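Asks: To start, I am sharing the structure in question, which I have written as structure tokens.
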Amino acid sequence: LPAAYQTSASVPEWLNKGDNAWQMLSATLVGMQTVPGLIILYGSIVKKKWAVNSAFMALYAFAAVIICWVVWAYKMSFGEKLLPFWGKAGPALGQSYLIGQAILPASTHLYHNGTVETAMAAPLYPMASMVWFQCVFAAITLVLIAGSLLGRMNIKAWMMFVPLWLTFSYTVGAFSLWGGGFLFQWGVIDYSGGYVIHLSAGVAGFTTAYWVGPRTKSDRERFPPNNVLLMLAGAGLLWMGWTGFNGGDPYSANIDSSMAVINTHVCTATSLLVWTCLDVFFFGKPSIIGAVQGMITGLVCITPGAGEFTDYSSTAIGWAAIVMGVLSGSIPWYTMMILHRKSRLLQKVDDTLGVFHTHAVAGTLGGLLTGLFAEPVLCGLFLPVTNSQGGVYGGDGGMQIVKQIGGAGFIIGWNLVVTSIICVVIGLIVPLRMPEEELLIGDDAVHGEEAYALWGDGEKYDSTKHGASSADGTAHGVKNSIGATQVV
């Protein structure tokens, strides 16, 4: 055999190079959804005076989660069981730990008589690949929450919020549904994060937005994107990155992975087109922002069951991804464009990018539809509970819908309570909302930096910072730049 395929210290017998390569590629794709995907999307979709702050909230969250993840949060999510919904905290940094075969120690599933029904999950690559793959999922969840808070949250409060919410909320959902917790053992289906990531982010973002308070009146009334083309570039990275988001969650480069990828893109394309058609029919024009929202709801809706559906078969059931795309492009559209304007509660809470609709509503919808359409053979490739199937297949399928409702209820309830507690605690230390002067000025006041070399749109003129020339050409308050922008 060629040297690359021979067993050695760096190529143990249990290592499958194809699975490891796909897992690392998937993790990279998911990471790129945030860096640079959501950084570009957030920095472009907001008003110009908030471009830097919005992009930085995403960048900070990504970096902070990585450190918290490897020091204590990974094992709380995927380590040994501490409570039915939580793993034991501990570092995931040691060499001996990271080079060993990946395992999820709490994932063994037993029959009621105590015999093993499904053995412990043990993917054919090192623990280092698993830790990093799960890390980028945790990171994007915090970044999605930021979408509800753009344009007014105190950056110091956000810096405290990220590690606290990761520790006390994300790890609970991840262990309960993925790491071997009670919802995993019960057989709730969350293939790739419809509940763990999107429902929790939507609920937590909405809850935090309530505690932080709204943007200024002028920002709520007029909040145009500062760069539509860059917004589309960020959205495109988000869409294409979802190939790794859903394609990597079988923990293997297998049939289930392939099904997840094609289902993801079919549902997303359908959802985008449906949302756009509804905009044209009701408002007369296709909205670019609306198309992006429809894209996101399609991605979110398919996620909880992306690897559990068949497509293009001779039966109606085989078209589940298209059906889900139609529903994800219409139901969240209705809640965002119609219901939101009629609801006092939804009007009271300033959810900047509508994360509640695009993630909480679409994630719940996807979870419930998964309980309806999950295909028995594909369920057997992924779930620890044998003979699981969706409601349309009869038998015990109706119970799967009940399980999906129960799983959604737990995630919603936990996030409402824990996120509120976190916000109250932070509020006792630093204000959750920026002071009025910073809200008026924006990036220049918060960071001392601006997205574009232009003056206006919320900026407060300060000759010591901006410099200026009078009509007669006389310079006033001009200073030489220093550091990276030094004038030579």
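Labels used: A, B, ... for chains in the order of the structure tokens, numbers from 1 for residues in each chain, and numbers from 1 for ligands as shown.
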For range 87-93 of chain A, work out the shell of residues within 7 Å, counting only C-alpha atoms and skipping chain neighbours fewer than 3 positions away, then give it as a list of chain:residue names.

Replies: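 Surrounding residues, per the criterion: A:Val70, A:Val71, A:Trp72, A:Ala73, A:Tyr74, A:Lys75, A:Met76, A:Ser77, A:Phe78, A:Gly79, A:Glu80, A:Lys81, A:Leu82, A:Leu83, A:Leu98, A:Phe175.
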
Asks: Would you mind listing, for every residue of range 143-189 of chain A within 8 Å of range 360-384 of chain A, the two atoms forming the shortest contact and the distance between them in Å to one decimal, using only C-alpha atoms, sorted by chain and ascending residue number, as a Markdown table?

Replies:
| residue | atom | partner | partner_atom | distance |
| --- | --- | --- | --- | --- |
| A:Phe184 | CA | A:Pro384 | CA | 7.8 |
| A:Gln185 | CA | A:Pro384 | CA | 7.4 |
| A:Gly187 | CA | A:Leu383 | CA | 7.0 |
| A:Ile189 | CA | A:Thr370 | CA | 7.4 |

Asks: Find the residues near Val417 in chain A: any atom within 10 Å, counting only C-alpha atoms, skip ones fewer than 4 places away on the same chain, and give them as an MDAnalysis selection string.

Replies: chainID A and resid 169 204 207 412:413 421:422

Asks: Write out as a count of residues only the set of residues from range 106-222 of chain A that DSSP, computed on the backbone, places in strand (DSSP E).

Replies: 5

Asks: What does the distance between CA of Ala201 in chain A and CA of Val143 in chain A come to in Å, to one decimal place?

Replies: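 Distance between the two atoms: 8.7 Å.
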
Asks: Counting only C-alpha atoms, which residues in range 23-76 of chain A sit no more than 6 Å from range 230-233 of chain A? For each one, give the nearest pair of atoms and the distance in Å, sorted by chain then residue number, as a Markdown table.

Replies:
| residue | atom | partner | partner_atom | distance |
| --- | --- | --- | --- | --- |
| A:Leu41 | CA | A:Met231 | CA | 4.6 |
| A:Ser44 | CA | A:Met231 | CA | 5.0 |
| A:Ile45 | CA | A:Met231 | CA | 5.7 |

Asks: From a DSSP pass on the backbone, collect the residues of range 233-328 of chain A flagged as helix (DSSP H, G or I) and hand them back as a PyMOL selection string.

Replies: chain A and resi 233-247+255-283+288-305+316-318+320-328

Asks: List every residue of range 145-230 of chain A that has an atom at most 10 Å from any atom of range 237-259 of chain A, giving for each one its closest atom pair and the distance in Å to one decimal, counting only C-alpha atoms, sorted by chain and then by ascending residue number, as CSV.

Replies:
residue,atom,partner,partner_atom,distance
A:Tyr191,CA,A:Asp249,CA,7.0
A:Ser192,CA,A:Asn246,CA,5.8
A:Gly193,CA,A:Asn246,CA,8.7

Asks: Return the single residue from A:Ile411, A:Val323, A:Val203, A:Ala64 that is closest to Ala174 in chain A, with distances computed using only C-alpha atoms.

Replies: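 With only C-alpha atoms as the atom set, the closest residue is A:Ile411.
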
Asks: With distances taken over only C-alpha atoms, which residue among A:Gly205, A:Gln23, A:Phe182, A:Val162 lies nearest Ala128 in chain A?

Replies: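 Smallest distance to Ala128 in chain A is found for A:Gln23.
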
Asks: Measuring between only C-alpha atoms, which one of A:Leu278, A:Ile302, A:Ala119, A:Ala106 shows the shortest distance to Gly194 in chain A?

Replies: A:Ile302

Asks: CA of Tyr97 in chain A and CA of Ala27 in chain A are how many Å apart?

Replies: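 Separation between CA of Tyr97 in chain A and CA of Ala27 in chain A: 19.3 Å.
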
Asks: When you count only C-alpha atoms, which of these residues is closest to Ala21 in chain A: A:Met337, A:Ile40, A:Leu428, A:Met130?

Replies: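 Closest to Ala21 in chain A of all the choices is A:Met130.
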
Asks: Closest to Tyr125 in chain A among A:Leu110, A:Leu166, A:Val65, A:Met24, using only C-alpha atoms?

Replies: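 That would be A:Met24, the residue with the smallest distance to Tyr125 in chain A.
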
Asks: Excluding same-chain residues fewer than 4 positions from Arg222 in chain A, what lies within 9 Å of it counting only C-alpha atoms, as a VMD selection string?

Replies: chain A and resid 47 217 to 218

Asks: Please produce a file of the residues just selected, as a short mmCIF file (atom, residue, chain, number, x, y, z; two decimals), in the first residue's frame, where the atoms kept are N, CA and C atoms.

Replies:
data_model
loop_
_atom_site.label_atom_id
_atom_site.label_comp_id
_atom_site.auth_asym_id
_atom_site.auth_seq_id
_atom_site.Cartn_x
_atom_site.Cartn_y
_atom_site.Cartn_z
N LYS A 47 -28.12 49.92 9.12
CA LYS A 47 -27.85 51.31 8.81
C LYS A 47 -26.35 51.58 8.90
N LYS A 217 -36.06 55.72 18.15
CA LYS A 217 -37.25 55.84 17.32
C LYS A 217 -36.88 56.04 15.85
N SER A 218 -35.86 56.86 15.61
CA SER A 218 -35.47 57.11 14.21
C SER A 218 -34.90 55.86 13.55
#

Asks: May I ask for the distance between CA of Tyr42 in chain A and CA of Glu221 in chain A, given in Å to one decimal place?

Replies: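 Computing the Euclidean distance for CA of Tyr42 in chain A and CA of Glu221 in chain A yields 18.4 Å.
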
Asks: If we count only C-alpha atoms, what is near Leu59 in chain A at a cut-off of 9 Å, once residues fewer than 2 positions away on the same chain are taken out, given as a list of chain:residue names?

Replies: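 The residues satisfying every condition are A:Thr34, A:Val35, A:Pro36, A:Leu38, A:Ile39, A:Ser54, A:Ala55, A:Phe56, A:Met57, A:Ala61, A:Phe62, A:Ala63, A:Ala64, A:Val143.
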
Asks: Okay, now the selection with C-alpha atoms, as a PDB file, in the first residue's frame?

Replies:
ATOM      1  CA  THR A  34     -19.919  33.247  10.406  1.00  0.00           C
ATOM      2  CA  VAL A  35     -16.390  34.331   9.458  1.00  0.00           C
ATOM      3  CA  PRO A  36     -16.884  36.039   7.067  1.00  0.00           C
ATOM      4  CA  LEU A  38     -22.614  36.671   8.938  1.00  0.00           C
ATOM      5  CA  ILE A  39     -19.999  39.343   9.631  1.00  0.00           C
ATOM      6  CA  SER A  54     -22.861  44.808  14.079  1.00  0.00           C
ATOM      7  CA  ALA A  55     -19.908  43.106  12.387  1.00  0.00           C
ATOM      8  CA  PHE A  56     -17.877  43.228  15.600  1.00  0.00           C
ATOM      9  CA  MET A  57     -20.619  41.600  17.672  1.00  0.00           C
ATOM     10  CA  ALA A  61     -18.872  36.028  19.670  1.00  0.00           C
ATOM     11  CA  PHE A  62     -17.056  33.652  17.327  1.00  0.00           C
ATOM     12  CA  ALA A  63     -13.727  34.140  19.098  1.00  0.00           C
ATOM     13  CA  ALA A  64     -15.155  34.037  22.628  1.00  0.00           C
ATOM     14  CA  VAL A 143     -24.028  35.121  16.345  1.00  0.00           C
TER      15      VAL A 143
END

Asks: Name the residues in contact with Asp443 in chain A at a cut-off of 8 Å, using only C-alpha atoms, excluding same-chain residues fewer than 4 positions from it; report them as a VMD selection string.

Replies: chain A and resid 49 to 53 438 447 to 450

Asks: Could you dump the residues just selected with N, CA, C and O atoms as a CSV table (one decimal), in the first residue's frame?

Replies:
chain,number,residue,atom,x,y,z
A,49,LYS,N,-24.4,53.7,10.2
A,49,LYS,CA,-23.8,54.1,11.5
A,49,LYS,C,-23.6,52.9,12.4
A,49,LYS,O,-22.9,53.0,13.5
A,50,TRP,N,-24.2,51.7,12.1
A,50,TRP,CA,-24.1,50.5,12.9
A,50,TRP,C,-23.3,49.4,12.3
A,50,TRP,O,-23.3,48.3,12.8
A,51,ALA,N,-22.7,49.7,11.1
A,51,ALA,CA,-22.0,48.6,10.4
A,51,ALA,C,-20.9,48.0,11.2
A,51,ALA,O,-20.8,46.8,11.2
A,52,VAL,N,-20.0,48.8,11.8
A,52,VAL,CA,-18.9,48.3,12.5
A,52,VAL,C,-19.3,47.5,13.7
A,52,VAL,O,-18.8,46.4,14.0
A,53,ASN,N,-20.2,48.1,14.5
A,53,ASN,CA,-20.7,47.5,15.7
A,53,ASN,C,-21.3,46.1,15.4
A,53,ASN,O,-21.1,45.1,16.2
A,438,GLU,N,-24.5,57.4,22.6
A,438,GLU,CA,-23.9,56.4,21.7
A,438,GLU,C,-25.0,55.9,20.7
A,438,GLU,O,-24.7,55.7,19.5
A,447,HIS,N,-17.0,52.6,19.0
A,447,HIS,CA,-15.7,52.0,18.7
A,447,HIS,C,-14.6,53.0,18.3
A,447,HIS,O,-13.5,52.6,18.1
A,448,GLY,N,-15.0,54.2,18.0
A,448,GLY,CA,-14.1,55.2,17.5
A,448,GLY,C,-13.7,54.9,16.0
A,448,GLY,O,-12.6,55.3,15.6
A,449,GLU,N,-14.5,54.1,15.3
A,449,GLU,CA,-14.2,53.7,14.0
A,449,GLU,C,-15.5,53.7,13.1
A,449,GLU,O,-16.6,53.6,13.7
A,450,GLU,N,-15.3,53.9,11.8
A,450,GLU,CA,-16.4,54.0,10.9
A,450,GLU,C,-16.3,53.0,9.8
A,450,GLU,O,-15.1,52.7,9.4

Asks: Pick from A:Ala157, A:Leu104, A:Ile429, A:Leu29: nearest to Phe133 in chain A, with only C-alpha atoms counted?

Replies: A:Leu29

Asks: Show which residues sit within 12 Å of Thr216 in chain A, as a PyMOL selection string. Count only C-alpha atoms, and ignore same-chain residues fewer than 4 positions away.

Replies: chain A and resi 150-153+220-223+350+352+433-442+458

Asks: Go ahead and save the residues from that selection, with N, CA and C atoms, as a compact mmCIF listing (two decimals), in the first residue's frame.

Replies:
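New file again26.txt:
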# COMPACT_ATOMS: atom_id res chain seq x y z
N LEU A 150 -28.96 44.05 17.26
CA LEU A 150 -28.13 45.02 16.56
C LEU A 150 -28.67 46.43 16.73
N GLY A 151 -27.78 47.38 16.87
CA GLY A 151 -28.16 48.78 16.88
C GLY A 151 -28.51 49.35 18.24
N ARG A 152 -28.21 48.64 19.33
CA ARG A 152 -28.45 49.26 20.64
C ARG A 152 -27.87 48.52 21.84
N MET A 153 -27.46 47.26 21.76
CA MET A 153 -26.98 46.57 22.95
C MET A 153 -25.59 47.06 23.33
N ARG A 220 -35.70 52.73 14.34
CA ARG A 220 -36.79 51.78 14.10
C ARG A 220 -37.62 52.17 12.90
N GLU A 221 -37.76 53.46 12.67
CA GLU A 221 -38.59 53.93 11.56
C GLU A 221 -37.85 53.85 10.23
N ARG A 222 -36.54 54.03 10.27
CA ARG A 222 -35.76 53.98 9.02
C ARG A 222 -34.44 53.28 9.30
N PHE A 223 -34.26 52.10 8.73
CA PHE A 223 -33.07 51.29 8.99
C PHE A 223 -32.64 50.59 7.70
N ASP A 350 -38.30 44.86 20.04
CA ASP A 350 -37.58 45.28 18.84
C ASP A 350 -36.55 44.21 18.46
N THR A 352 -34.32 43.20 15.82
CA THR A 352 -33.77 43.98 14.71
C THR A 352 -33.91 43.28 13.36
N ARG A 433 -28.32 48.33 27.66
CA ARG A 433 -28.52 49.18 26.49
C ARG A 433 -27.48 50.30 26.47
N MET A 434 -27.07 50.68 25.29
CA MET A 434 -26.12 51.78 25.16
C MET A 434 -26.72 53.08 25.70
N PRO A 435 -25.89 54.00 26.16
CA PRO A 435 -26.39 55.33 26.53
C PRO A 435 -26.91 56.07 25.30
N GLU A 436 -27.76 57.05 25.54
CA GLU A 436 -28.44 57.74 24.44
C GLU A 436 -27.45 58.39 23.47
N GLU A 437 -26.36 58.94 23.97
CA GLU A 437 -25.39 59.60 23.08
C GLU A 437 -24.80 58.60 22.09
N GLU A 438 -24.47 57.39 22.56
CA GLU A 438 -23.94 56.38 21.66
C GLU A 438 -25.00 55.91 20.67
N LEU A 439 -26.24 55.80 21.12
CA LEU A 439 -27.32 55.41 20.22
C LEU A 439 -27.52 56.44 19.12
N LEU A 440 -27.30 57.70 19.45
CA LEU A 440 -27.47 58.76 18.46
C LEU A 440 -26.35 58.75 17.42
N ILE A 441 -25.12 58.50 17.87
CA ILE A 441 -23.96 58.61 16.99
C ILE A 441 -23.66 57.29 16.28
N GLY A 442 -23.64 56.20 17.02
CA GLY A 442 -23.36 54.91 16.41
C GLY A 442 -21.91 54.49 16.55
N GLY A 458 -25.91 60.09 11.16
CA GLY A 458 -25.82 59.75 12.57
C GLY A 458 -24.52 60.14 13.22
